[in-house]
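Trainee: Please read through the structure below; I'll follow up with questions.
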Amino acid sequence: MVNAQQTAIVQELFSPLYEAKKVRLFLQRDDLLHPEVSGNKFRKLKYNIRYAIEQGNKTILTFGGAYSNHIAATAAAAKLSNLNSIGIIRGEEHLPLNATLKTAVDNGMELHYISRSDYKLKKDVSFLEGLKQRFGEVCIIPEGGTNQLAINGVAEMKADWGQEYDCIATPFGSGGTAAGIYSVLDEEQQLLIFSALKGEKVGEEFTSILADNNIVDNNNWTMFNQYHFGGYAKVKPELVDFVNLFKKDYHIQLDLIYNGKMLFGLTDLIRKDYFSPGTEILAIHTGGVQGNKGMEERLGLGLY
Ligand SMILES: *Cc1c(COP(=O)(O)O)cnc(C)c1O
């Protein structure tokens, strides 16, 4: 994992819409960074795994929901680095395991389920101490993997850009990816953040992540919170159709939780003339396609 290939390709997408609006849209294929540790989770875990090894930790412990890409990615990354992994999963166990959790277990992750109310304590110092007492000297990575080391890993993606873009677009969950990208932008570049979560507070959350990690806020970012389709992991037929059509047009699979919503939003903004002619936009495909299988099982969806 630590020495794996880390360069993402950037490809331009073409469509009559972009041509008519005179914008150029590029897609950074972080979804192809690694076969098992996909996308932004690879970037976020890289220095966390390295740190655990340097500290002499044998076990990584982290948190997530039952469909979490972070859980799947951490299990795979730990295995590749000969570390044990423990996943603290929100809610009750459901058997048979869904595709995400089964992959995690197949990669050696030990799963422990905790109630939704206990899960809310996941940042609480005494709760974390309790976990250390229960599981021994574990290296704890927060939910979604967002911490300073993760931000440093995400910041490295700038090396793959090859040119300056006017706007960079990214999905938003726990905010580490957006913060990492923001940390390397020039003041004249704009970060477009597409929230996968419902709520009015996502902008404030992003502001506090920047402050917590000493990233100067120049206000050249915009949080879009109208493309969440009802909230985290919620879908509507319109979104499924969009993801299917995108696959047909570009032969690129999007996930339904993050990138489908971001590209739906970007397309909507392009259509509504949000961008002035000549704007060059780079969208980051953060991966997460592994989650589609679980969504299909859960919702009985028909993805191509
Ligand atoms: C986790 C995840 C995100 C959200 O990243 P954050 O750093 O938590 O905001 C975006 N896209 C995919 C595919 C993810 O798995």
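Following the order of the structure tokens, first chain is A, next is B, and so on, with residues numbered from 1 inside each chain and ligands from 1 in the order they appear.
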Write out as number ranges by chain which residues come within 10 Å of segment 252-265 of chain A when counting only C-alpha atoms, dropping same-chain ones fewer than 5 positions away.

Mentor: A: 27, 29, 31, 169-173, 192-197, 224-229, 231-236, 238-247, 270-271, 283-293, 295-296, 303-304

Trainee: Which parts of segment 175-280 of chain A does DSSP call strand (DSSP E) when run on the backbone here, written out as number ranges by chain?

Mentor: A: 190-195, 221-224, 280

Trainee: Counting only C-alpha atoms and all ligand atoms, figure out which residue out of A:Gln190, A:Ser81, A:Thr177, A:Gln11 gets nearest to ligand 1.

Mentor: A:Thr177

Trainee: Might you pull out every residue within 8 Å of Val138 of chain A, with only C-alpha atoms counted and same-chain residues fewer than 6 positions away left off, and present them as an MDAnalysis selection string?

Mentor: chainID A and resid 57:61 132

Trainee: What does the file look like for those residues with C-alpha atoms, as a JSON list (two decimals), in the first residue's frame?

Mentor:
[["chain", "number", "residue", "atom", "x", "y", "z"],
["A", 57, "ASN", "CA", 1.17, -0.34, 15.96],
["A", 58, "LYS", "CA", 0.01, -3.72, 14.74],
["A", 59, "THR", "CA", -3.67, -2.84, 14.53],
["A", 60, "ILE", "CA", -5.73, -0.05, 12.98],
["A", 61, "LEU", "CA", -9.15, 0.70, 14.44],
["A", 132, "LYS", "CA", -7.84, 1.21, 23.70]]

Trainee: So which residues touch Phe26 of chain A within 7 Å, counting only C-alpha atoms, skipping near sequence neighbours fewer than 2 positions away, as a short mmCIF file (atom, residue, chain, number, x, y, z; two decimals) with C-alpha atoms, in the first residue's frame?

Mentor:
data_model
loop_
_atom_site.label_atom_id
_atom_site.label_comp_id
_atom_site.auth_asym_id
_atom_site.auth_seq_id
_atom_site.Cartn_x
_atom_site.Cartn_y
_atom_site.Cartn_z
CA VAL A 10 -7.02 13.26 -15.95
CA GLN A 11 -9.33 12.98 -18.95
CA GLU A 12 -11.46 15.54 -20.68
CA LEU A 13 -15.16 14.81 -21.10
CA ARG A 24 -14.34 22.41 -20.51
CA GLN A 28 -9.47 13.13 -12.45
CA ILE A 281 -13.36 22.68 -14.47
CA LEU A 282 -11.63 19.69 -12.96
CA ALA A 283 -13.91 17.26 -11.13
#

Trainee: Can you tell me which residues surround Gly278 of chain A at a distance of at most 9 Å, considering only C-alpha atoms, apart from same-chain residues fewer than 3 positions away, and format the answer as a PyMOL selection string?

Mentor: chain A and resi 21-24+275

Trainee: Take the residues that were just selected and, keeping all heavy atoms, output them as a PDB file, in the first residue's frame.

Mentor:
ATOM      1  N   LYS A  21     -22.045  25.548 -24.072  1.00  0.00           N
ATOM      2  CA  LYS A  21     -21.822  26.519 -22.998  1.00  0.00           C
ATOM      3  C   LYS A  21     -20.377  27.008 -22.944  1.00  0.00           C
ATOM      4  O   LYS A  21     -20.006  27.802 -22.079  1.00  0.00           O
ATOM      5  CB  LYS A  21     -22.185  25.904 -21.640  1.00  0.00           C
ATOM      6  CG  LYS A  21     -23.629  25.435 -21.547  1.00  0.00           C
ATOM      7  CD  LYS A  21     -24.595  26.607 -21.559  1.00  0.00           C
ATOM      8  CE  LYS A  21     -26.012  26.121 -21.329  1.00  0.00           C
ATOM      9  NZ  LYS A  21     -26.991  27.217 -21.433  1.00  0.00           N
ATOM     10  N   LYS A  22     -19.554  26.465 -23.827  1.00  0.00           N
ATOM     11  CA  LYS A  22     -18.133  26.845 -23.915  1.00  0.00           C
ATOM     12  C   LYS A  22     -17.380  26.662 -22.599  1.00  0.00           C
ATOM     13  O   LYS A  22     -16.584  27.509 -22.179  1.00  0.00           O
ATOM     14  CB  LYS A  22     -17.989  28.290 -24.400  1.00  0.00           C
ATOM     15  CG  LYS A  22     -18.544  28.503 -25.802  1.00  0.00           C
ATOM     16  CD  LYS A  22     -18.122  29.847 -26.363  1.00  0.00           C
ATOM     17  CE  LYS A  22     -18.459  30.006 -27.829  1.00  0.00           C
ATOM     18  NZ  LYS A  22     -19.877  29.702 -28.174  1.00  0.00           N
ATOM     19  N   VAL A  23     -17.677  25.540 -21.933  1.00  0.00           N
ATOM     20  CA  VAL A  23     -16.879  25.190 -20.752  1.00  0.00           C
ATOM     21  C   VAL A  23     -16.150  23.890 -21.055  1.00  0.00           C
ATOM     22  O   VAL A  23     -16.558  23.111 -21.919  1.00  0.00           O
ATOM     23  CB  VAL A  23     -17.751  25.008 -19.480  1.00  0.00           C
ATOM     24  CG1 VAL A  23     -18.486  26.284 -19.142  1.00  0.00           C
ATOM     25  CG2 VAL A  23     -18.713  23.840 -19.628  1.00  0.00           C
ATOM     26  N   ARG A  24     -15.047  23.688 -20.367  1.00  0.00           N
ATOM     27  CA  ARG A  24     -14.338  22.410 -20.510  1.00  0.00           C
ATOM     28  C   ARG A  24     -14.390  21.695 -19.174  1.00  0.00           C
ATOM     29  O   ARG A  24     -14.160  22.292 -18.125  1.00  0.00           O
ATOM     30  CB  ARG A  24     -12.893  22.647 -20.952  1.00  0.00           C
ATOM     31  CG  ARG A  24     -12.822  23.218 -22.370  1.00  0.00           C
ATOM     32  CD  ARG A  24     -11.393  23.473 -22.785  1.00  0.00           C
ATOM     33  NE  ARG A  24     -10.695  22.220 -23.097  1.00  0.00           N
ATOM     34  CZ  ARG A  24      -9.386  22.163 -23.396  1.00  0.00           C
ATOM     35  NH1 ARG A  24      -8.653  23.264 -23.394  1.00  0.00           N
ATOM     36  NH2 ARG A  24      -8.816  21.004 -23.669  1.00  0.00           N
ATOM     37  N   PHE A 275     -21.384  28.934 -14.983  1.00  0.00           N
ATOM     38  CA  PHE A 275     -19.983  29.185 -15.362  1.00  0.00           C
ATOM     39  C   PHE A 275     -19.912  30.117 -16.564  1.00  0.00           C
ATOM     40  O   PHE A 275     -20.668  29.961 -17.520  1.00  0.00           O
ATOM     41  CB  PHE A 275     -19.288  27.867 -15.716  1.00  0.00           C
ATOM     42  CG  PHE A 275     -19.304  26.875 -14.588  1.00  0.00           C
ATOM     43  CD1 PHE A 275     -20.216  25.829 -14.572  1.00  0.00           C
ATOM     44  CD2 PHE A 275     -18.407  26.989 -13.534  1.00  0.00           C
ATOM     45  CE1 PHE A 275     -20.235  24.910 -13.529  1.00  0.00           C
ATOM     46  CE2 PHE A 275     -18.413  26.089 -12.491  1.00  0.00           C
ATOM     47  CZ  PHE A 275     -19.330  25.044 -12.485  1.00  0.00           C
TER      48      PHE A 275
END

Trainee: Taking 4 positions as the minimum chain separation for residues in the same chain, which residues sit within 12 Å of Ser85 of chain A when counting only C-alpha atoms? Answer as a PyMOL selection string.

Mentor: chain A and resi 49+52+57-63+71-81+104-112+135+137-141

Trainee: For the structure I just gave you, how does DSSP split segment 74-247 of chain A - specifically, which residues are helix (DSSP H, G or I)? Reply as a VMD selection string.

Mentor: chain A and resid 74 to 80 99 to 106 116 to 119 125 to 135 143 to 145 148 to 160 176 to 182 202 to 212 237 to 247

Trainee: Looking at only C-alpha atoms and all ligand atoms, which of A:Met223, A:Leu266, A:Ile151, A:Leu128 is the one that sits closest to ligand 1?

Mentor: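 Closest candidate: A:Ile151.
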
Trainee: Could you give me, as a short mmCIF file (atom, residue, chain, number, x, y, z; two decimals) with all heavy atoms, in the first residue's frame, the residues within 9 Å of segment 178-184 of chain A, counting only C-alpha atoms and dropping anything in the same chain fewer than 4 positions from it?

Mentor:
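Once written, around13.cif looks like this:
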data_model
loop_
_atom_site.label_atom_id
_atom_site.label_comp_id
_atom_site.auth_asym_id
_atom_site.auth_seq_id
_atom_site.Cartn_x
_atom_site.Cartn_y
_atom_site.Cartn_z
N GLN A 148 -5.29 15.35 10.03
CA GLN A 148 -4.23 16.10 9.36
C GLN A 148 -3.44 15.24 8.36
O GLN A 148 -3.10 15.68 7.26
CB GLN A 148 -3.28 16.68 10.42
CG GLN A 148 -2.14 17.50 9.85
CD GLN A 148 -2.62 18.81 9.22
OE1 GLN A 148 -3.27 19.61 9.89
NE2 GLN A 148 -2.32 19.03 7.95
N ALA A 150 -4.51 12.72 6.70
CA ALA A 150 -5.35 12.50 5.52
C ALA A 150 -5.31 13.71 4.60
O ALA A 150 -5.20 13.59 3.37
CB ALA A 150 -6.78 12.22 5.96
N ILE A 151 -5.37 14.89 5.21
CA ILE A 151 -5.34 16.12 4.42
C ILE A 151 -4.02 16.24 3.66
O ILE A 151 -4.00 16.60 2.48
CB ILE A 151 -5.61 17.33 5.36
CG1 ILE A 151 -7.09 17.29 5.78
CG2 ILE A 151 -5.23 18.65 4.71
CD1 ILE A 151 -7.49 18.31 6.82
N ASN A 152 -2.93 15.88 4.31
CA ASN A 152 -1.62 15.89 3.63
C ASN A 152 -1.62 14.95 2.44
O ASN A 152 -1.04 15.25 1.40
CB ASN A 152 -0.50 15.48 4.60
CG ASN A 152 -0.34 16.46 5.74
OD1 ASN A 152 -0.87 17.56 5.70
ND2 ASN A 152 0.40 16.06 6.77
N GLY A 153 -2.22 13.80 2.60
CA GLY A 153 -2.27 12.83 1.49
C GLY A 153 -3.10 13.34 0.33
O GLY A 153 -2.71 13.22 -0.84
N VAL A 154 -4.25 13.94 0.64
CA VAL A 154 -5.12 14.47 -0.42
C VAL A 154 -4.41 15.60 -1.17
O VAL A 154 -4.50 15.70 -2.40
CB VAL A 154 -6.46 14.97 0.18
CG1 VAL A 154 -7.26 15.74 -0.87
CG2 VAL A 154 -7.27 13.81 0.73
N ALA A 155 -3.68 16.43 -0.43
CA ALA A 155 -3.00 17.58 -1.04
C ALA A 155 -2.06 17.14 -2.17
O ALA A 155 -1.83 17.89 -3.13
CB ALA A 155 -2.24 18.36 0.02
N GLU A 156 -1.57 15.93 -2.08
CA GLU A 156 -0.62 15.44 -3.10
C GLU A 156 -1.24 15.31 -4.48
O GLU A 156 -0.52 15.19 -5.47
CB GLU A 156 -0.06 14.08 -2.68
CG GLU A 156 0.90 14.16 -1.53
CD GLU A 156 1.51 12.81 -1.20
OE1 GLU A 156 1.00 11.77 -1.66
OE2 GLU A 156 2.49 12.79 -0.46
N MET A 157 -2.56 15.31 -4.56
CA MET A 157 -3.17 15.10 -5.88
C MET A 157 -2.85 16.23 -6.85
O MET A 157 -2.94 16.06 -8.06
CB MET A 157 -4.68 14.88 -5.76
CG MET A 157 -5.47 16.12 -5.49
SD MET A 157 -7.23 15.88 -5.87
CE MET A 157 -7.77 14.72 -4.63
N LYS A 158 -2.48 17.38 -6.32
CA LYS A 158 -2.17 18.50 -7.21
C LYS A 158 -1.08 18.13 -8.22
O LYS A 158 -1.07 18.64 -9.35
CB LYS A 158 -1.74 19.72 -6.39
CG LYS A 158 -1.60 20.96 -7.22
CD LYS A 158 -1.27 22.22 -6.43
CE LYS A 158 -1.34 23.41 -7.38
NZ LYS A 158 -1.17 24.68 -6.69
N ILE A 168 -12.17 23.54 -9.20
CA ILE A 168 -12.00 22.13 -8.85
C ILE A 168 -13.28 21.71 -8.14
O ILE A 168 -13.75 22.43 -7.25
CB ILE A 168 -10.81 21.92 -7.88
CG1 ILE A 168 -9.55 22.64 -8.37
CG2 ILE A 168 -10.56 20.43 -7.65
CD1 ILE A 168 -8.86 22.05 -9.55
N ALA A 169 -13.83 20.57 -8.53
CA ALA A 169 -15.08 20.11 -7.91
C ALA A 169 -14.83 18.81 -7.16
O ALA A 169 -14.14 17.92 -7.67
CB ALA A 169 -16.16 19.91 -8.96
N THR A 170 -15.40 18.71 -5.97
CA THR A 170 -15.24 17.48 -5.19
C THR A 170 -16.51 17.19 -4.39
O THR A 170 -17.21 18.13 -3.97
CB THR A 170 -14.04 17.58 -4.22
OG1 THR A 170 -13.89 16.36 -3.52
CG2 THR A 170 -14.24 18.68 -3.18
N PRO A 171 -16.80 15.91 -4.16
CA PRO A 171 -17.88 15.61 -3.22
C PRO A 171 -17.44 15.83 -1.78
O PRO A 171 -16.24 15.94 -1.49
CB PRO A 171 -18.18 14.12 -3.47
CG PRO A 171 -17.13 13.59 -4.35
CD PRO A 171 -16.21 14.69 -4.75
N PHE A 172 -18.44 15.89 -0.88
CA PHE A 172 -18.18 16.20 0.53
C PHE A 172 -18.90 15.20 1.43
O PHE A 172 -20.10 14.99 1.30
CB PHE A 172 -18.71 17.61 0.82
CG PHE A 172 -18.54 18.09 2.23
CD1 PHE A 172 -17.43 18.83 2.60
CD2 PHE A 172 -19.50 17.81 3.20
CE1 PHE A 172 -17.27 19.30 3.90
CE2 PHE A 172 -19.35 18.29 4.52
CZ PHE A 172 -18.22 19.03 4.86
N GLY A 173 -18.12 14.56 2.32
CA GLY A 173 -18.71 13.69 3.34
C GLY A 173 -18.27 14.19 4.70
O GLY A 173 -18.95 14.98 5.35
N SER A 174 -17.06 13.76 5.11
CA SER A 174 -16.53 14.28 6.38
C SER A 174 -15.65 15.52 6.15
O SER A 174 -15.23 16.16 7.10
CB SER A 174 -15.74 13.20 7.11
OG SER A 174 -14.61 12.82 6.35
N GLN A 190 -11.33 28.35 -7.70
CA GLN A 190 -12.53 28.14 -6.89
C GLN A 190 -12.67 26.66 -6.57
O GLN A 190 -12.48 25.81 -7.44
CB GLN A 190 -13.78 28.56 -7.69
CG GLN A 190 -13.97 30.06 -7.82
CD GLN A 190 -14.40 30.70 -6.50
OE1 GLN A 190 -15.10 30.08 -5.70
NE2 GLN A 190 -13.98 31.94 -6.29
N LEU A 191 -13.04 26.36 -5.33
CA LEU A 191 -13.38 24.98 -4.99
C LEU A 191 -14.90 24.86 -4.92
O LEU A 191 -15.56 25.63 -4.22
CB LEU A 191 -12.76 24.59 -3.64
CG LEU A 191 -13.05 23.16 -3.18
CD1 LEU A 191 -12.43 22.14 -4.13
CD2 LEU A 191 -12.54 22.92 -1.76
N LEU A 192 -15.43 23.92 -5.67
CA LEU A 192 -16.88 23.66 -5.67
C LEU A 192 -17.11 22.37 -4.90
O LEU A 192 -16.61 21.32 -5.29
CB LEU A 192 -17.40 23.51 -7.10
CG LEU A 192 -16.94 24.58 -8.10
CD1 LEU A 192 -17.44 24.24 -9.50
CD2 LEU A 192 -17.43 25.96 -7.68
N ILE A 193 -17.84 22.47 -3.81
CA ILE A 193 -18.00 21.33 -2.91
C ILE A 193 -19.45 20.86 -2.97
O ILE A 193 -20.38 21.64 -2.75
CB ILE A 193 -17.66 21.74 -1.46
CG1 ILE A 193 -16.31 22.47 -1.41
CG2 ILE A 193 -17.63 20.53 -0.55
CD1 ILE A 193 -16.00 23.09 -0.04
N PHE A 206 -17.31 22.79 7.12
CA PHE A 206 -16.10 22.94 6.32
C PHE A 206 -15.22 24.05 6.88
O PHE A 206 -14.00 23.90 7.00
CB PHE A 206 -16.46 23.19 4.85
CG PHE A 206 -15.25 23.24 3.95
CD1 PHE A 206 -14.43 22.13 3.81
CD2 PHE A 206 -14.92 24.40 3.27
CE1 PHE A 206 -13.30 22.17 3.00
CE2 PHE A 206 -13.79 24.44 2.45
CZ PHE A 206 -12.98 23.32 2.32
N ILE A 209 -13.34 22.72 9.79
CA ILE A 209 -12.26 21.79 9.42
C ILE A 209 -11.03 22.58 8.95
O ILE A 209 -9.89 22.26 9.31
CB ILE A 209 -12.70 20.81 8.31
CG1 ILE A 209 -13.81 19.89 8.85
CG2 ILE A 209 -11.53 19.96 7.80
CD1 ILE A 209 -14.49 19.07 7.78
N LEU A 210 -11.29 23.64 8.18
CA LEU A 210 -10.16 24.48 7.73
C LEU A 210 -9.44 25.07 8.95
O LEU A 210 -8.21 25.01 9.05
CB LEU A 210 -10.64 25.60 6.81
CG LEU A 210 -11.21 25.19 5.45
CD1 LEU A 210 -11.60 26.44 4.65
CD2 LEU A 210 -10.23 24.35 4.65
N ASN A 213 -7.35 22.66 11.00
CA ASN A 213 -6.13 22.18 10.36
C ASN A 213 -5.24 23.32 9.86
O ASN A 213 -4.37 23.10 9.00
CB ASN A 213 -6.50 21.22 9.22
CG ASN A 213 -7.10 19.93 9.76
OD1 ASN A 213 -6.39 19.08 10.29
ND2 ASN A 213 -8.42 19.81 9.70
N ILE A 215 -5.67 25.80 7.89
CA ILE A 215 -5.70 26.13 6.46
C ILE A 215 -6.37 27.49 6.34
O ILE A 215 -7.47 27.71 6.85
CB ILE A 215 -6.49 25.05 5.68
CG1 ILE A 215 -5.80 23.68 5.82
CG2 ILE A 215 -6.61 25.43 4.20
CD1 ILE A 215 -6.63 22.51 5.36
N VAL A 216 -5.67 28.42 5.67
CA VAL A 216 -6.19 29.78 5.56
C VAL A 216 -7.43 29.80 4.67
O VAL A 216 -7.42 29.25 3.57
CB VAL A 216 -5.11 30.73 4.97
CG1 VAL A 216 -5.66 32.14 4.82
CG2 VAL A 216 -3.88 30.72 5.86
N ASP A 217 -8.49 30.43 5.16
CA ASP A 217 -9.74 30.48 4.41
C ASP A 217 -9.83 31.79 3.64
O ASP A 217 -10.01 32.87 4.21
CB ASP A 217 -10.92 30.36 5.39
CG ASP A 217 -12.25 30.24 4.66
OD1 ASP A 217 -12.28 30.45 3.43
OD2 ASP A 217 -13.26 29.93 5.32
N ASN A 220 -12.62 31.38 -1.30
CA ASN A 220 -12.80 30.99 -2.70
C ASN A 220 -13.30 29.55 -2.79
O ASN A 220 -12.72 28.70 -3.47
CB ASN A 220 -11.49 31.17 -3.50
CG ASN A 220 -10.29 30.53 -2.83
OD1 ASN A 220 -10.25 30.41 -1.60
ND2 ASN A 220 -9.33 30.10 -3.62
N TRP A 221 -14.37 29.29 -2.06
CA TRP A 221 -15.03 27.99 -2.16
C TRP A 221 -16.53 28.20 -2.04
O TRP A 221 -16.99 29.18 -1.46
CB TRP A 221 -14.55 27.02 -1.08
CG TRP A 221 -14.66 27.50 0.34
CD1 TRP A 221 -13.73 28.22 1.04
CD2 TRP A 221 -15.78 27.32 1.24
NE1 TRP A 221 -14.20 28.49 2.31
CE2 TRP A 221 -15.44 27.95 2.46
CE3 TRP A 221 -17.02 26.69 1.12
CZ2 TRP A 221 -16.31 27.96 3.55
CZ3 TRP A 221 -17.88 26.69 2.22
CH2 TRP A 221 -17.51 27.33 3.42
#

Trainee: Give the answer as one residue: which of A:Arg134, A:His70, A:Arg298, A:Lys248 has the shortest atom-to-atom distance to Val37 of chain A, using only C-alpha atoms?

Mentor: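 Distance minimum relative to Val37 of chain A lands on A:His70.
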
Trainee: Counting only C-alpha atoms and all ligand atoms, which of A:Thr100, A:Gln163, A:Ser276, A:Gln6 gets nearest to ligand 1?

Mentor: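 Nearest candidate to ligand 1 out of A:Thr100, A:Gln163, A:Ser276, A:Gln6: A:Thr100.
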
Trainee: Between atom CA of Asn69 of chain A and atom CA of Lys201 of chain A, what is the distance in Å, rounded to a tenth?

Mentor: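 Calculated distance between atom CA of Asn69 of chain A and atom CA of Lys201 of chain A is 23.0 Å.
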
Trainee: Using only C-alpha atoms and all ligand atoms, which of the listed residues (A:Asn40, A:Thr222, A:Thr279, A:Thr207) sits closest to ligand 1?

Mentor: A:Asn40
